[in-house]
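Dumped model01.txt below, it's compact mmCIF, C-alpha atoms:
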# COMPACT_ATOMS: atom_id res chain seq x y z
CA MET A 13 -6.32 44.83 15.71
CA LYS A 14 -9.60 43.32 14.61
CA SER A 15 -7.67 40.47 12.96
CA ILE A 16 -5.87 39.59 16.15
CA LEU A 17 -9.06 39.68 18.19
CA THR A 18 -11.03 37.55 15.72
CA LEU A 19 -8.34 34.92 15.40
CA THR A 20 -7.80 34.78 19.16
CA LEU A 21 -11.50 34.36 19.86
CA LEU A 22 -11.78 31.70 17.18
CA CYS A 23 -8.80 29.85 18.64
CA VAL A 24 -10.31 29.94 22.11
CA ALA A 25 -13.62 28.61 20.77
CA SER A 26 -11.82 25.80 18.90
CA ALA A 27 -9.80 24.90 21.97
CA CYS A 28 -13.00 24.65 24.03
CA ILE A 29 -14.65 22.38 21.46
CA LEU A 30 -11.55 20.18 21.25
CA ALA A 31 -11.25 19.97 25.04
CA LEU A 32 -14.91 18.98 25.39
CA SER A 33 -14.77 16.25 22.75
CA ASN A 34 -11.45 15.01 24.11
CA ALA A 35 -12.97 14.71 27.58
CA HIS A 36 -15.92 12.83 26.13
CA THR A 37 -13.98 10.36 23.95
CA LYS A 38 -10.77 9.85 25.91
CA SER A 39 -11.86 6.83 27.96
CA TYR A 40 -13.49 5.11 24.95
CA ILE A 41 -10.35 5.59 22.86
CA GLN A 42 -8.18 4.25 25.69
CA GLN A 43 -10.41 1.17 25.92
CA ASN A 44 -10.19 0.59 22.17
CA ILE A 45 -6.42 0.87 22.17
CA GLU A 46 -6.08 -1.51 25.12
CA LYS A 47 -8.42 -3.98 23.45
CA GLN A 48 -6.33 -3.83 20.30
CA GLU A 49 -3.07 -4.30 22.21
CA LEU A 50 -4.53 -7.37 23.90
CA ALA A 51 -5.69 -8.69 20.53
CA ARG A 52 -2.16 -8.32 19.23
CA LEU A 53 -0.92 -10.71 21.93
CA GLU A 54 -3.20 -13.44 20.58
CA GLY A 55 -1.37 -16.63 19.66
CA LEU A 56 1.63 -15.71 21.81
CA VAL A 57 0.45 -17.26 25.05
CA ASP A 58 -2.77 -19.02 25.99
CA GLU A 59 -3.66 -16.52 28.61
CA LEU A 60 -2.58 -13.30 30.14
CA ASP A 61 -2.75 -14.03 33.84
CA ARG A 62 0.85 -13.64 34.92
CA GLU A 63 0.65 -16.07 37.83
CA LEU A 64 -0.70 -18.90 35.69
CA LEU A 65 2.00 -18.16 33.13
CA CYS A 66 4.66 -18.28 35.81
CA GLU A 67 3.52 -21.77 36.77
CA GLN A 68 4.22 -22.88 33.21
CA GLY A 69 7.61 -21.16 33.37
CA ILE A 70 6.59 -18.47 30.92
CA GLU A 71 7.55 -14.87 31.54
CA LEU A 72 6.41 -11.85 29.55
CA PHE A 73 8.70 -8.86 29.11
CA GLU A 74 7.51 -5.59 27.63
CA VAL A 75 10.41 -3.62 26.17
CA GLU A 76 10.44 -0.21 24.49
CA ARG A 77 12.75 0.40 21.55
CA ARG A 78 13.02 3.17 19.00
CA GLY A 79 11.84 2.05 15.58
CA TYR A 80 11.76 4.02 12.34
CA GLY A 81 8.70 6.09 13.17
CA GLY A 82 9.07 6.37 16.94
CA GLU A 83 8.90 4.25 20.05
CA MET A 84 7.59 0.72 19.67
CA SER A 85 6.51 -1.57 22.44
CA VAL A 86 7.59 -5.20 22.09
CA VAL A 87 6.32 -8.07 24.22
CA VAL A 88 8.67 -11.05 24.43
CA ALA A 89 7.57 -14.35 25.94
CA ILE A 90 10.43 -16.36 27.40
CA GLN A 91 9.99 -19.94 28.58
CA ASP A 92 12.82 -21.66 30.48
CA GLY A 93 15.46 -19.44 28.93
CA SER A 94 14.36 -19.64 25.30
CA VAL A 95 12.23 -17.23 23.32
CA LEU A 96 8.70 -18.53 22.92
CA GLY A 97 7.45 -15.76 20.70
CA VAL A 98 7.49 -12.01 20.06
CA ARG A 99 4.70 -9.50 19.41
CA VAL A 100 4.72 -5.77 18.80
CA VAL A 101 1.76 -4.29 20.66
CA ARG A 102 2.26 -0.62 19.88
CA HIS A 103 4.26 1.12 17.16
CA SER A 104 4.24 4.03 14.74
CA GLU A 105 6.02 2.48 11.78
CA THR A 106 5.17 3.52 8.23
CA PRO A 107 1.99 1.79 7.02
CA GLY A 108 2.93 -0.90 4.52
CA PHE A 109 6.36 -1.39 6.04
CA ASP A 110 4.83 -2.65 9.27
CA ASP A 111 3.62 -5.88 7.67
CA VAL A 112 6.81 -7.59 8.89
CA LEU A 113 5.33 -7.13 12.37
CA SER A 114 2.25 -9.23 11.69
CA PRO A 115 2.40 -12.66 13.39
CA ASP A 116 2.27 -14.62 10.14
CA ASP A 117 5.20 -12.65 8.71
CA TRP A 118 8.76 -12.08 9.89
CA ILE A 119 7.99 -11.67 13.58
CA GLY A 120 6.36 -15.11 13.64
CA ARG A 121 9.77 -16.70 12.99
CA PHE A 122 10.79 -16.09 16.60
CA ALA A 123 8.32 -18.78 17.61
CA VAL A 124 9.82 -21.48 15.38
CA GLU A 125 13.45 -20.59 14.66
CA GLU A 126 16.63 -20.18 16.65
CA LEU A 127 17.35 -16.57 17.53
CA GLU A 128 20.76 -16.72 15.82
CA GLY A 129 19.11 -17.60 12.51
CA ILE A 130 16.92 -14.50 12.36
CA ASP A 131 18.25 -11.44 10.52
CA ALA A 132 16.80 -8.01 9.95
CA VAL A 133 14.69 -7.64 6.78
CA THR A 134 16.20 -5.50 4.05
CA ARG A 135 13.42 -3.03 3.23
CA ALA A 136 12.51 -2.70 6.90
CA THR A 137 15.97 -2.75 8.48
CA VAL A 138 15.31 -0.21 11.22
CA THR A 139 11.96 -1.73 12.18
CA THR A 140 13.18 -5.31 12.33
CA GLY A 141 16.51 -4.24 13.86
CA ALA A 142 14.63 -2.54 16.69
CA VAL A 143 12.66 -5.73 17.34
CA LEU A 144 15.90 -7.74 17.45
CA LEU A 145 17.39 -5.27 19.93
CA ALA A 146 14.21 -5.46 22.02
CA VAL A 147 14.43 -9.25 22.11
CA GLU A 148 18.05 -9.00 23.25
CA ASP A 149 16.95 -6.52 25.95
CA ALA A 150 14.29 -8.96 27.11
CA ILE A 151 16.78 -11.84 27.28
CA ARG A 152 19.16 -9.65 29.27
CA LEU A 153 16.30 -8.76 31.64
CA TYR A 154 15.43 -12.43 31.99
CA GLU A 155 19.02 -13.42 32.73
CA SER A 156 19.48 -10.67 35.30
CA GLY A 157 16.43 -12.07 37.04
CA VAL A 158 14.21 -9.01 37.20
CA GLY A 159 11.18 -10.84 35.72
CA GLU A 160 7.98 -10.95 37.76
CA CYS A 161 8.16 -14.68 38.35
CA THR A 162 11.68 -14.53 39.75
CA GLU A 163 10.72 -11.66 42.01
CA LYS A 164 7.91 -13.66 43.54
CA ARG A 165 10.04 -16.70 44.16
CA MET B 9 -33.35 27.73 -6.02
CA TYR B 10 -32.59 25.15 -3.34
CA ARG B 11 -33.43 22.41 -5.82
CA GLU B 12 -31.02 23.95 -8.33
CA ALA B 13 -28.24 24.00 -5.71
CA LEU B 14 -28.78 20.34 -4.91
CA ILE B 15 -28.75 19.29 -8.57
CA ASP B 16 -25.65 21.41 -9.15
CA GLY B 17 -23.81 19.72 -6.30
CA LEU B 18 -24.94 16.25 -7.19
CA TRP B 19 -24.50 16.35 -10.96
CA ARG B 20 -23.79 19.53 -12.94
CA ARG B 21 -20.98 20.80 -10.71
CA ASN B 22 -20.13 17.55 -8.92
CA VAL B 23 -16.85 18.16 -7.05
CA ALA B 24 -15.37 14.82 -7.99
CA SER B 25 -16.55 14.12 -11.52
CA VAL B 26 -16.81 17.67 -12.92
CA GLN B 27 -14.56 19.91 -10.82
CA LEU B 28 -12.09 17.07 -10.13
CA LEU B 29 -11.46 18.25 -6.55
CA GLY B 30 -10.67 15.99 -3.58
CA LEU B 31 -9.28 13.25 -5.78
CA CYS B 32 -6.64 12.07 -3.29
CA PRO B 33 -9.05 10.51 -0.77
CA LEU B 34 -11.32 9.53 -3.64
CA LEU B 35 -8.62 7.35 -5.21
CA ALA B 36 -7.03 6.12 -2.00
CA VAL B 37 -10.01 5.03 0.06
CA SER B 38 -12.45 3.76 -2.54
CA TYR B 39 -11.13 0.18 -2.65
CA ASN B 40 -14.20 -1.10 -0.88
CA LEU B 41 -17.69 0.07 -0.09
CA ARG B 42 -17.29 0.19 3.69
CA ASN B 43 -14.31 2.53 3.66
CA ALA B 44 -15.93 4.67 0.99
CA LEU B 45 -19.05 5.04 3.15
CA GLY B 46 -16.97 5.83 6.23
CA LEU B 47 -14.99 8.56 4.55
CA SER B 48 -18.15 9.96 2.93
CA VAL B 49 -19.78 10.41 6.30
CA ALA B 50 -16.64 11.95 7.84
CA SER B 51 -16.05 14.35 4.94
CA SER B 52 -19.71 15.34 4.74
CA PHE B 53 -19.81 16.11 8.45
CA VAL B 54 -16.73 18.33 8.25
CA LEU B 55 -17.96 20.02 5.05
CA ILE B 56 -21.45 20.79 6.33
CA GLY B 57 -20.28 21.69 9.83
CA SER B 58 -17.53 24.06 8.74
CA SER B 59 -19.80 25.55 6.11
CA LEU B 60 -22.40 26.39 8.76
CA ALA B 61 -19.80 27.74 11.17
CA ILE B 62 -18.09 29.96 8.60
CA SER B 63 -21.34 31.17 7.14
CA SER B 64 -22.67 32.25 10.52
CA ILE B 65 -19.54 34.21 11.47
CA ARG B 66 -18.66 35.42 7.96
CA THR B 67 -19.26 39.11 8.74
CA LEU B 68 -16.83 38.97 11.68
CA ILE B 69 -13.89 37.56 9.70
CA PRO B 70 -11.58 40.26 8.27
CA ASN B 71 -10.72 39.57 4.65
CA ASN B 72 -6.95 39.45 5.12
CA ILE B 73 -7.00 36.62 7.66
CA ARG B 74 -9.86 34.61 6.21
CA LEU B 75 -7.71 31.61 5.19
CA PRO B 76 -6.24 30.98 8.68
CA CYS B 77 -9.76 31.24 10.10
CA PHE B 78 -11.16 28.77 7.55
CA VAL B 79 -8.35 26.29 8.16
CA LEU B 80 -8.76 26.62 11.92
CA VAL B 81 -12.46 25.79 11.75
CA VAL B 82 -11.94 22.88 9.35
CA ALA B 83 -9.04 21.52 11.41
CA THR B 84 -11.05 21.67 14.62
CA LEU B 85 -13.96 19.79 13.09
CA THR B 86 -11.64 17.23 11.51
CA THR B 87 -9.95 16.58 14.84
CA VAL B 88 -13.32 16.18 16.54
CA THR B 89 -14.33 13.70 13.82
CA THR B 90 -11.07 11.82 14.30
CA MET B 91 -11.65 11.56 18.05
CA TYR B 92 -15.20 10.31 17.71
CA MET B 93 -14.25 7.77 15.03
CA GLN B 94 -11.44 6.51 17.28
CA ALA B 95 -13.90 6.19 20.12
CA PHE B 96 -16.90 4.65 18.40
CA ALA B 97 -15.72 3.17 15.07
CA TYR B 98 -12.21 2.03 15.88
CA ASP B 99 -11.93 -0.74 13.27
CA LEU B 100 -12.98 1.60 10.48
CA TYR B 101 -10.69 4.29 11.85
CA ILE B 102 -7.65 1.97 11.68
CA GLN B 103 -8.38 1.43 7.98
CA ILE B 104 -8.86 5.03 6.88
CA ALA B 105 -7.16 7.00 9.67
CA LEU B 106 -4.74 8.85 7.43
CA PHE B 107 -7.44 9.99 5.03
CA VAL B 108 -9.71 11.17 7.81
CA GLN B 109 -6.88 13.27 9.20
CA ILE B 110 -6.13 14.88 5.85
CA ILE B 111 -9.72 16.01 5.38
CA VAL B 112 -8.21 19.28 6.69
CA THR B 113 -6.42 19.79 3.41
CA ASN B 114 -9.24 18.58 1.20
CA CYS B 115 -9.52 21.25 -1.49
CA MET B 116 -13.21 20.40 -1.95
CA ILE B 117 -13.97 21.75 1.54
CA LEU B 118 -11.74 24.83 1.38
CA GLY B 119 -13.01 25.58 -2.12
CA HIS B 120 -16.61 25.37 -0.96
CA ILE B 121 -15.98 27.64 2.03
CA GLU B 122 -14.09 30.21 -0.02
CA SER B 123 -16.56 30.39 -2.88
CA VAL B 124 -19.91 29.79 -1.13
CA ALA B 125 -20.00 29.66 2.67
CA SER B 126 -18.02 32.86 3.25
CA LYS B 127 -20.27 34.83 0.90
CA THR B 128 -23.83 33.60 1.44
CA THR B 129 -26.48 33.25 4.11
CA LEU B 130 -26.74 30.32 6.47
CA GLY B 131 -29.59 28.59 4.61
CA GLU B 132 -28.06 28.89 1.18
CA SER B 133 -24.65 27.70 2.31
CA LEU B 134 -26.24 24.76 4.14
CA VAL B 135 -28.12 23.61 1.04
CA THR B 136 -25.07 24.04 -1.19
CA ALA B 137 -22.91 22.18 1.33
CA ILE B 138 -25.41 19.32 1.43
CA GLY B 139 -25.41 19.21 -2.37
CA THR B 140 -21.62 19.19 -2.51
CA ALA B 141 -21.40 16.53 0.22
CA LEU B 142 -23.93 14.35 -1.61
CA GLY B 143 -21.99 14.77 -4.83
CA PHE B 144 -18.69 13.80 -3.23
CA SER B 145 -20.24 10.90 -1.31
CA SER B 146 -22.01 9.52 -4.36
CA ALA B 147 -18.77 9.63 -6.37
CA LEU B 148 -16.85 7.94 -3.55
CA ILE B 149 -19.52 5.27 -3.00
CA LEU B 150 -19.95 4.67 -6.73
CA LEU B 151 -16.21 4.19 -7.17
CA GLY B 152 -15.98 2.01 -4.06
CA GLY B 153 -18.87 -0.14 -5.27
CA ILE B 154 -17.41 -0.54 -8.76
CA ARG B 155 -13.94 -1.40 -7.47
CA GLN B 156 -15.27 -3.91 -4.96
CA ALA B 157 -17.52 -5.50 -7.59
CA LEU B 158 -14.65 -5.72 -10.09
CA GLU B 159 -12.31 -7.45 -7.63
CA PRO B 160 -13.26 -11.07 -8.46
CA ILE B 161 -12.68 -10.62 -12.21
CA MET B 162 -9.95 -7.97 -12.02
CA PRO B 163 -7.98 -8.05 -8.72
CA LEU B 164 -6.04 -4.97 -9.93
CA ALA B 165 -9.15 -2.85 -9.34
CA THR B 166 -8.61 -2.74 -5.59
CA HIS B 167 -4.96 -1.67 -5.94
CA PRO B 168 -3.77 1.93 -6.36
CA ALA B 169 -3.10 1.51 -10.08
CA GLY B 170 -6.60 0.12 -10.51
CA ALA B 171 -7.98 3.21 -8.78
CA PHE B 172 -6.69 5.41 -11.59
CA LEU B 173 -8.03 3.08 -14.26
CA VAL B 174 -11.48 2.66 -12.72
CA ALA B 175 -11.78 6.36 -11.80
CA GLY B 176 -10.70 7.44 -15.29
CA LEU B 177 -13.12 5.10 -17.04
CA THR B 178 -15.97 6.03 -14.66
CA LEU B 179 -15.39 9.75 -15.25
CA ALA B 180 -15.27 9.16 -18.99
CA GLY B 181 -18.56 7.26 -18.76
CA LEU B 182 -20.21 10.02 -16.70
CA ASN B 183 -18.99 12.71 -19.12
CA PHE B 184 -20.30 10.67 -22.04
CA VAL B 185 -23.72 10.46 -20.42
CA SER B 186 -23.84 14.19 -19.63
CA ASP B 187 -22.68 14.95 -23.20
CA LEU B 188 -25.48 12.84 -24.62
CA ALA B 189 -27.97 14.48 -22.29
CA SER B 190 -26.99 18.03 -23.26
CA ARG B 191 -26.97 17.13 -26.98
CA SER B 192 -30.47 15.65 -26.82
CA LEU B 193 -31.60 18.79 -24.98
CA LYS B 194 -30.20 20.95 -27.80
CA SER B 195 -31.81 18.87 -30.56
CA THR B 196 -35.24 19.25 -28.97
CA ASP B 197 -34.83 23.07 -28.94
Can I see the file as structure tokens?
Amino acid sequence: MKSILTLTLLCVASACILALSNAHTKSYIQQNIEKQELARLEGLVDELDRELLCEQGIELFEVERRGYGGEMSVVVAIQDGSVLGVRVVRHSETPGFDDVLSPDDWIGRFAVEELEGIDAVTRATVTTGAVLLAVEDAIRLYESGVGECTEKR
Amino acid sequence: MYREALIDGLWRRNVASVQLLGLCPLLAVSYNLRNALGLSVASSFVLIGSSLAISSIRTLIPNNIRLPCFVLVVATLTTVTTMYMQAFAYDLYIQIALFVQIIVTNCMILGHIESVASKTTLGESLVTAIGTALGFSSALILLGGIRQALEPIMPLATHPAGAFLVAGLTLAGLNFVSDLASRSLKSTD
């Protein structure tokens, strides 16, 4: 009986401490994550204002796909029907295997090569396969005309 | 007595170099000084905090459920540390996130709680915890410093394999020094 009581009280105390520190840090953490996601878009487009991008004919699509370690969020920039570049802004892939997602690695090839010429990478098949699927999703979205620019027109 | 406890933690019973506890984060994070410092601070906070908490409620914890209680306290403090690092030291957190999260399972902390904090008064367990934390931090920072300094001449030093080499040689060096010290003490007797 004493065991149950002690453990319950201890759990309640822990939960209170966790709730308090979560309430205190939540907004800071959210800011940090947003800042990092923005930083990951660097080099993809010159700026993030959607209206200015639309004037240049660039549309951004954010697509979710399941990678190896969970959902990943892929941003695809499409200009006049061709892929301008691809960035992964959020993912939970295994550390070390996610280096294919860094802009100077595999994912950077979308900016310079034809889509047909890009294959998945052997040791990161699921990760890179998910990115390829996400790019296809984005192209499909673009072609069906649900992009923000088309909506405004 | 407090002085003894500090010297014990820092040198004679150093968790890393003598008891060889907590080697996983020691080897994994010590590839540069900054990460080593970051993990030292995080581990020390959890060690000292949980030591204080356990020591102050030690008479209330029934013996048969002491381990779940210890782990609960350590896990809570580790999670709090994780949150605050994410909020205020995000760049550092990205680098050592995994090893901050597994402070929960660091045998150095559980060992200290089981053998000291759950049996002694608040003051004594605080001093011993500080000693242990200083010992762990100094080992981590020493290893981080050596590995970072070795990088230009031996790039291997910052890789995992290099961690084993550098840690092994450093431990051998420390044992050699303490051997010499105890021998010279004996010869003066």
Quiz item: When distances are computed from only C-alpha atoms, which of B:Pro70, B:Gly139, B:Pro33, B:Gly170 shows the smallest separation from B:Leu47?
Solution: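 Closest to B:Leu47, using only C-alpha atoms: B:Pro33.
Residues of chain B lying within 8 Å of chain A, counting only C-alpha atoms, are Leu68, Ile69, Pro70, Asn72, Ile73, Cys77, Leu80, Val81, Thr84, Thr87, Val88, Met91, Tyr92, Gln94, Ala95, Phe96 and Tyr98 of chain B.
In this structure, atom CA of B:Gln27 sits 22.8 Å away from atom CA of B:Leu41.
Taking atom CA of B:Ser146 and atom CA of B:Asn43 as endpoints, the distance between them is 13.1 Å.
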Quiz item: Do you know which residues are at most 10 Å from B:Met9 counting all atoms listed in the file, after dropping those on the same chain fewer than 3 positions away, and could you put them as a list in words?
Solution: Glu12, Ala13, Leu14, Ile15, Glu132 and Val135 of chain B
Quiz item: Hey, what's within 10 Å of A:Ser94 if we count only C-alpha atoms and toss same-chain stuff fewer than 3 positions away? As a PyMOL selection string, please?
Solution: chain A and resi 70+89-91+97+123+126-127+151+154
Self-check item: Shell around A:Glu128 at 12 Å using only C-alpha atoms, local window under 2 positions removed, as a ChimeraX atom specification
Solution: /A:94-95,121-122,124-126,130-132,144,147-148
Quiz item: Please, what distance in Å, to one decimal, runs between atom CA of B:Ala61 and atom CA of B:Ala24?
Solution: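 Here the two named atoms are 23.5 Å from each other.
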Exercise. Between B:Ser25, B:Leu100, B:Val82, B:Arg20, single out the one closest to B:Leu60, counting only C-alpha atoms.
Key: B:Val82
Quiz item: Within 12 Å of B:Gly119, counting all atoms listed in the file, which residues qualify if same-chain residues fewer than 4 places away don't, as a list in words?
Solution: Val23, Gln27, Leu28, Leu29, Gly30, Leu55, Ser58, Ser59, Leu75, Phe78, Val79, Val82, Val112, Thr113, Asn114, Cys115, Ser123, Val124, Ala125, Ser126, Ala137 and Thr140 of chain B
Exercise. Tell me which protein, DNA and RNA residues are within 8 Å of A:Thr106, counting only C-alpha atoms, leaving out same-chain ones fewer than 2 positions away, and put them as a PyMOL selection string.
Key: chain A and resi 80-81+104+108-110
Centre and edge lengths of an axis-aligned box around all listed atoms of stretch 149-160 of chain B, with 6 Å added on each side, are to be given in Å to one decimal, as JSON.
{"center_x": -16.1, "center_y": -2.9, "center_z": -6.5, "size_x": 19.6, "size_y": 28.3, "size_z": 19.1}
Quiz item: Can you find the residues with an atom no farther than 12 Å from (-21.2, 5.8, 4.5), counting all atoms listed in the file, and report them as a list in words?
Solution: Ser38, Asn40, Leu41, Arg42, Asn43, Ala44, Leu45, Gly46, Leu47, Ser48, Val49, Ala50, Ser51, Ser52, Phe53, Leu100, Ala141, Leu142, Phe144, Ser145, Ser146, Ala147, Leu148, Ile149, Leu150, Gly152 and Gly153 of chain B
Export C-alpha atoms of the chosen residues as a tab-separated table (two decimals), in the coordinates of the input?
chain	number	residue	atom	x	y	z
B	38	SER	CA	-12.45	3.76	-2.54
B	40	ASN	CA	-14.20	-1.10	-0.88
B	41	LEU	CA	-17.69	0.07	-0.09
B	42	ARG	CA	-17.29	0.19	3.69
B	43	ASN	CA	-14.31	2.53	3.66
B	44	ALA	CA	-15.93	4.67	0.99
B	45	LEU	CA	-19.05	5.04	3.15
B	46	GLY	CA	-16.97	5.83	6.23
B	47	LEU	CA	-14.99	8.56	4.55
B	48	SER	CA	-18.15	9.96	2.93
B	49	VAL	CA	-19.78	10.41	6.30
B	50	ALA	CA	-16.64	11.95	7.84
B	51	SER	CA	-16.05	14.35	4.94
B	52	SER	CA	-19.71	15.34	4.74
B	53	PHE	CA	-19.81	16.11	8.45
B	100	LEU	CA	-12.98	1.60	10.48
B	141	ALA	CA	-21.40	16.53	0.22
B	142	LEU	CA	-23.93	14.35	-1.61
B	144	PHE	CA	-18.69	13.80	-3.23
B	145	SER	CA	-20.24	10.90	-1.31
B	146	SER	CA	-22.01	9.52	-4.36
B	147	ALA	CA	-18.77	9.63	-6.37
B	148	LEU	CA	-16.85	7.94	-3.55
B	149	ILE	CA	-19.52	5.27	-3.00
B	150	LEU	CA	-19.95	4.67	-6.73
B	152	GLY	CA	-15.98	2.01	-4.06
B	153	GLY	CA	-18.87	-0.14	-5.27
Quiz item: Which is closer to A:Val86 than all the others in A:Leu64, A:Val101, A:Val24, A:Leu72, using all atoms listed in the file?
Solution: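 Once distances to A:Val86 are computed over all atoms listed in the file, the minimum belongs to A:Val101.
Distance check against A:Val98 using only C-alpha atoms: of A:Ala51, A:Val57, A:Cys66, A:Val158, the minimum falls on A:Val57.
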